[in-house]
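K.L.:
data05.txt is reproduced in full below (compact mmCIF, C-alpha atoms).
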# COMPACT_ATOMS: atom_id res chain seq x y z
CA MET A 286 0.21 -5.98 -42.28
CA ASN A 287 -3.15 -7.60 -41.45
CA LEU A 288 -4.92 -7.40 -38.11
CA ASP A 289 -3.47 -10.63 -36.70
CA GLU A 290 0.06 -9.62 -37.66
CA ARG A 291 -0.36 -6.16 -36.16
CA ILE A 292 -1.57 -7.57 -32.83
CA LEU A 293 1.29 -10.08 -32.78
CA GLU A 294 3.74 -7.26 -33.46
CA ILE A 295 2.33 -5.25 -30.54
CA ALA A 296 2.59 -8.33 -28.30
CA ARG A 297 6.18 -8.92 -29.43
CA GLU A 298 7.12 -5.37 -28.44
CA VAL A 299 5.17 -5.22 -25.15
CA PHE A 300 6.33 -8.61 -23.92
CA ASP A 301 9.85 -8.00 -25.26
CA MET A 302 10.06 -11.26 -27.21
CA THR A 303 11.88 -12.01 -30.44
CA GLU A 304 9.04 -14.17 -31.75
CA VAL A 305 5.37 -14.60 -30.85
CA SER A 306 2.67 -16.86 -32.26
CA LEU A 307 -1.11 -17.04 -32.13
CA GLU A 308 -0.70 -19.62 -29.35
CA LEU A 309 0.79 -17.02 -26.98
CA SER A 310 -1.23 -16.73 -23.76
CA GLN A 311 -0.95 -15.50 -20.20
CA ARG A 312 -0.56 -19.13 -19.13
CA ASN A 313 2.43 -19.96 -21.32
CA CYS A 314 4.25 -16.61 -21.16
CA ASP A 315 6.12 -15.59 -17.99
CA ARG A 316 6.58 -12.08 -19.37
CA TRP A 317 2.79 -11.55 -19.56
CA ASP A 318 2.51 -10.10 -16.05
CA SER A 319 -0.17 -7.78 -14.70
CA LEU A 320 1.57 -4.53 -15.64
CA ARG A 321 2.50 -5.67 -19.14
CA HIS A 322 -1.09 -6.87 -19.54
CA LEU A 323 -2.31 -3.31 -18.97
CA THR A 324 0.35 -1.89 -21.30
CA PHE A 325 -0.68 -4.43 -23.96
CA ALA A 326 -4.35 -3.41 -23.62
CA SER A 327 -3.33 0.25 -23.79
CA GLU A 328 -1.31 -0.29 -26.97
CA ILE A 329 -4.18 -2.24 -28.54
CA GLU A 330 -6.61 0.60 -27.76
CA GLU A 331 -4.28 3.15 -29.31
CA ALA A 332 -3.33 1.10 -32.38
CA PHE A 333 -6.92 0.36 -33.37
CA ASP A 334 -8.55 3.48 -31.91
CA ILE A 335 -10.99 1.43 -29.86
CA GLU A 336 -12.17 1.56 -26.24
CA LEU A 337 -11.89 -1.48 -23.98
CA GLU A 338 -14.03 -2.03 -20.89
CA PRO A 339 -12.52 -3.44 -17.66
CA GLU A 340 -14.23 -6.82 -18.24
CA GLU A 341 -12.83 -6.98 -21.77
CA ILE A 342 -9.31 -6.17 -20.56
CA ALA A 343 -9.59 -8.99 -18.01
CA GLU A 344 -10.66 -11.41 -20.76
CA MET A 345 -7.69 -10.63 -23.02
CA THR A 346 -5.76 -13.66 -21.81
CA ASP A 347 -4.57 -15.11 -25.14
CA MET A 348 -3.99 -14.00 -28.71
CA HIS A 349 -7.15 -15.59 -30.09
CA ARG A 350 -9.30 -13.72 -27.57
CA VAL A 351 -7.49 -10.46 -28.22
CA ILE A 352 -7.95 -10.78 -31.98
CA ALA A 353 -11.66 -11.62 -31.58
CA MET A 354 -12.09 -8.68 -29.22
CA VAL A 355 -10.50 -6.23 -31.63
CA GLN A 356 -12.42 -7.61 -34.62
CA SER A 357 -15.73 -7.17 -32.75
CA LYS A 358 -14.98 -3.46 -32.24
CA LEU A 359 -13.90 -2.51 -35.76
CA MET B 270 -9.87 18.59 -15.44
CA ASP B 271 -6.31 17.80 -14.28
CA SER B 272 -6.38 20.62 -11.74
CA GLU B 273 -9.32 18.91 -10.04
CA LEU B 274 -7.20 15.85 -9.23
CA VAL B 275 -6.12 16.37 -5.63
CA PHE B 276 -3.43 14.06 -4.25
CA HIS B 277 -4.81 11.67 -1.63
CA HIS B 278 -2.33 8.87 -0.96
CA ILE B 279 0.35 6.50 -2.23
CA GLY B 280 -0.66 2.84 -2.32
CA ILE B 281 1.94 0.31 -1.21
CA ALA B 282 1.53 -3.40 -1.91
CA CYS B 283 2.75 -5.50 1.00
CA ARG B 284 2.62 -9.13 2.08
CA ASP B 285 2.00 -8.47 5.77
CA ILE B 286 0.55 -5.16 6.97
CA ASP B 287 1.82 -5.66 10.52
CA LYS B 288 5.43 -6.13 9.41
CA THR B 289 5.42 -3.27 6.88
CA ARG B 290 3.56 -0.90 9.23
CA GLU B 291 6.15 -1.35 11.96
CA PHE B 292 8.80 0.59 9.98
CA TYR B 293 6.48 3.55 9.39
CA LEU B 294 5.32 3.66 13.01
CA GLY B 295 8.99 4.00 13.90
CA LEU B 296 9.16 7.01 11.58
CA GLY B 297 6.36 8.71 13.49
CA TYR B 298 3.36 7.78 11.34
CA THR B 299 0.05 7.00 13.03
CA ALA B 300 -1.98 4.07 11.73
CA SER B 301 -5.71 3.81 11.07
CA PRO B 302 -7.60 0.68 12.11
CA VAL B 303 -7.06 -2.22 9.70
CA VAL B 304 -10.07 -2.84 7.42
CA ASP B 305 -10.83 -5.78 5.13
CA ASP B 306 -12.41 -4.90 1.78
CA PRO B 307 -13.83 -8.12 0.31
CA LEU B 308 -14.86 -6.30 -2.88
CA GLN B 309 -11.24 -5.37 -3.60
CA HIS B 310 -9.86 -8.56 -1.99
CA VAL B 311 -7.50 -6.50 0.19
CA ARG B 312 -6.71 -5.68 3.82
CA ILE B 313 -6.05 -1.94 4.19
CA CYS B 314 -4.34 0.37 6.66
CA PHE B 315 -3.76 4.11 6.21
CA LEU B 316 -0.68 5.80 7.65
CA ASP B 317 -0.53 9.54 8.36
CA LYS B 318 2.21 11.89 9.46
CA GLU B 319 2.20 15.67 9.42
CA GLY B 320 4.21 17.00 6.49
CA ALA B 321 4.39 13.62 4.77
CA PRO B 322 2.15 12.06 2.10
CA ARG B 323 -0.56 9.71 3.35
CA LEU B 324 0.29 6.06 2.71
CA GLU B 325 -2.09 3.16 2.14
CA LEU B 326 -0.79 -0.32 2.91
CA LEU B 327 -2.57 -3.05 0.97
CA GLN B 328 -2.26 -6.75 1.74
CA PRO B 329 -4.01 -9.30 -0.50
CA LEU B 330 -6.80 -11.30 1.14
CA ASP B 331 -6.59 -14.04 -1.51
CA ASP B 332 -5.06 -14.94 -4.87
CA GLN B 333 -7.82 -13.04 -6.71
CA SER B 334 -6.55 -9.76 -5.34
CA PRO B 335 -4.84 -7.46 -7.86
CA VAL B 336 -2.35 -6.74 -5.08
CA ALA B 337 -1.31 -10.41 -5.14
CA ARG B 338 -0.39 -10.02 -8.82
CA THR B 339 1.60 -6.85 -8.08
CA LEU B 340 3.50 -8.62 -5.29
CA ALA B 341 4.25 -11.56 -7.57
CA THR B 342 5.65 -9.21 -10.21
CA ALA B 343 7.38 -6.50 -8.22
CA GLY B 344 7.46 -7.56 -4.56
CA VAL B 345 6.64 -5.10 -1.78
CA THR B 346 6.45 -1.75 -3.57
CA PRO B 347 4.60 1.53 -3.99
CA TYR B 348 2.35 0.87 -7.00
CA HIS B 349 -0.27 3.59 -7.33
CA PHE B 350 -0.98 7.25 -6.61
CA CYS B 351 -4.52 8.09 -5.55
CA TYR B 352 -6.28 11.37 -6.32
CA GLU B 353 -9.49 12.81 -4.95
CA VAL B 354 -12.11 14.03 -7.43
CA ARG B 355 -15.50 15.67 -6.98
CA ASN B 356 -17.25 13.58 -9.64
CA ILE B 357 -15.66 10.23 -10.39
CA ASP B 358 -17.77 9.52 -13.48
CA GLU B 359 -16.73 12.80 -15.11
CA ALA B 360 -13.09 12.28 -14.13
CA ILE B 361 -13.09 8.80 -15.69
CA VAL B 362 -14.53 10.15 -18.94
CA ALA B 363 -11.89 12.90 -19.02
CA LEU B 364 -9.05 10.47 -18.32
CA ARG B 365 -10.35 8.03 -20.96
CA THR B 366 -9.84 10.79 -23.55
CA LYS B 367 -6.20 10.94 -22.38
CA ARG B 368 -5.75 7.23 -23.09
CA PHE B 369 -6.13 5.99 -19.53
CA LEU B 370 -7.62 2.48 -19.40
CA LEU B 371 -10.39 1.93 -16.89
CA VAL B 372 -9.08 -1.09 -15.01
CA SER B 373 -11.79 -1.41 -12.35
CA GLY B 374 -14.68 0.45 -10.78
CA PRO B 375 -16.17 2.72 -9.88
CA VAL B 376 -17.15 0.75 -6.78
CA PRO B 377 -17.72 1.72 -3.13
CA ALA B 378 -14.67 1.32 -0.86
CA CYS B 379 -15.47 0.37 2.71
CA ALA B 380 -12.05 1.59 3.93
CA LEU B 381 -12.99 5.07 2.70
CA GLY B 382 -16.50 5.33 4.11
CA ASP B 383 -18.04 3.70 1.02
CA ARG B 384 -16.85 6.54 -1.20
CA ARG B 385 -16.52 5.34 -4.78
CA ILE B 386 -13.10 4.43 -6.15
CA ALA B 387 -11.76 3.45 -9.58
CA PHE B 388 -8.38 2.37 -10.93
CA LEU B 389 -7.01 3.59 -14.25
CA TYR B 390 -3.80 2.88 -16.14
CA ASN B 391 -1.79 4.78 -18.69
CA LYS B 392 1.33 3.33 -20.25
CA ASN B 393 3.26 6.56 -19.64
CA ASN B 394 1.94 7.29 -16.14
CA GLY B 395 1.27 3.91 -14.58
CA LEU B 396 -1.60 3.02 -12.28
CA ILE B 397 -3.70 5.67 -10.52
CA GLU B 398 -6.68 5.43 -8.21
CA LEU B 399 -9.52 7.94 -8.03
CA VAL B 400 -11.59 8.45 -4.91
CA GLU B 401 -14.77 10.49 -5.05
CA ASN B 402 -15.31 13.30 -2.59
CA PRO B 403 -18.51 15.10 -3.65
CA ALA B 404 -18.41 17.54 -0.72
Could you express the structure from this file as C-alpha cells?

P.N.:
Amino acid sequence: MNLDERILEIAREVFDMTEVSLELSQRNCDRWDSLRHLTFASEIEEAFDIELEPEEIAEMTDMHRVIAMVQSKL
Amino acid sequence: MDSELVFHHIGIACRDIDKTREFYLGLGYTASPVVDDPLQHVRICFLDKEGAPRLELLQPLDDQSPVARTLATAGVTPYHFCYEVRNIDEAIVALRTKRFLLVSGPVPACALGDRRIAFLYNKNNGLIELVENPA
C-alpha cells in the first residue's frame, strides 16, 4: 500500500465511508466534522510517526493537502 | 506528569449563555461576570457551587469560534475537561509523547487573568484544556 492509499484508507475508516477518493475534502464531506478532523489528524500522526503543528492540522482540509503535508515530513 | 494535572473545570458549549446559565443558577450555582475573549472567539461565564465541579459556559462570538463548530456537530454539550498545570510548556511536551495533538495555544486567556491556556486532543480521551498556574 503506497502513501496515498494508506491516507485514503485512514480517511475511509475515520469518516466511516465505504469509498473515498483523492477529491475528498472538508467542503464536500458532511462527515468531516471538527471532532473527526482531530481524530483524522491523530491517526495520521500515529500511522506515519510524525508530529503535526496546530497550523498544519488546521490546513489539512482536503486529501491533496494531507498527502503533501505527510510527504513533507517523511 | 499525569499527577500534576489538577482538575479545573468542565467546558460546556452553548448557544446563549443567559439561557443555559439560568438552569444552573436554579441549582444553586453562582455565576462569574461574563467575559468576551476575542482571541478564542468566545463569550465565557464560570459557574461555581460548593461540592460540585466548576463549569465554564462558552458561547461563540462568531463563526470562526471552535465552539461554533462543536455546536454545529453536537449541539449544546459538555465538550472538554480542563486541568491546571504548573508549567504549560512542559505539560504539552509530556502529553505530545502520549499522542495528544496540540490543537491550539498556548495563548493568554483574559477570562482567567491572562493565564496561558492550550487545547489538546487524543482520539481515546477527547479534548482537554490546560491552564497554567505557576504559583

K.L.:
Near chain A, which residues of chain B fall within 8 Å when you count all atoms listed in the file, and what do they look like as a list in words?

P.N.:
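That gives the following set of residues: Arg338, Thr339, Thr342, Arg368, Phe369, Leu370, Leu371, Val372, Ser373, Tyr390, Asn391 and Lys392 of chain B.
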
K.L.:
Between B:Gly395, B:Pro307, B:Gly382, B:Pro403, single out the one closest to Ser334 (chain B), counting all atoms listed in the file.

P.N.:
B:Pro307

K.L.:
Restricting the calculation to all atoms listed in the file: of A:Leu293, A:Ile329, A:Leu307, A:Val299, which residue gets closest to His349 (chain A)?

P.N.:
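Answer, going by the shortest atom-to-atom distance: A:Leu307.
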
K.L.:
Enter the distance from CA of Ile281 (chain B) to CA of Ile357 (chain B), in Å, rounded to one decimal.

P.N.:
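Answer for the CA of Ile281 (chain B) to CA of Ile357 (chain B) separation: 22.2 Å.
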
K.L.:
Leaving out Ala378 (chain B) and any residue of its chain fewer than 3 positions from it, which residues lie within 9 Å of it when counting only C-alpha atoms, given as a PyMOL selection string?

P.N.:
chain B and resi 306+308-309+381-386+400

K.L.:
What is the distance between CA of Ile286 (chain B) and CA of Gln311 (chain A), in Å to one decimal?

P.N.:
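Computing it gives 29.1 Å between the two atoms.
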
K.L.:
Return the single residue from B:Val311, B:Ala387, B:Ala282, B:Leu316 that is closest to Gln333 (chain B), with distances computed using all atoms listed in the file.

P.N.:
B:Val311

K.L.:
Closest to Phe388 (chain B) among B:Gly280, B:Pro322, B:Gly295, B:Pro347, using all atoms listed in the file?

P.N.:
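Among the listed residues, the smallest separation from Phe388 (chain B) belongs to B:Gly280.
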
K.L.:
From the set A:Glu294, A:Val355, A:Asp301, A:Met286, which residue has the shortest atom-to-atom contact distance to Phe333 (chain A), counting only C-alpha atoms?

P.N.:
A:Val355

K.L.:
Which residues, written as JSON, numbers by chain, have at least one atom at most 10 Å from Arg312 (chain A), with only C-alpha atoms counted and residues fewer than 4 positions away on the same chain left out?

P.N.:
{"A": [317, 346, 347]}

K.L.:
Quote the spacing between CA of His349 (chain B) and CA of Val275 (chain B) in Å to one decimal place.

P.N.:
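Spanning CA of His349 (chain B) to CA of Val275 (chain B) is a straight-line distance of 14.2 Å.
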
K.L.:
Of the candidates B:Arg365, B:Arg312, B:Arg355, B:Lys318, which one gets nearest to Cys379 (chain B) if we count all atoms listed in the file?

P.N.:
B:Arg312

K.L.:
(-2.3, -9.1, -28.3) in this file's frame - what residues fall within 6 Å of it? Use all atoms listed in the file and give the answer as an NGL selection string.

P.N.:
:A and (292-293 or 296 or 348 or 351)
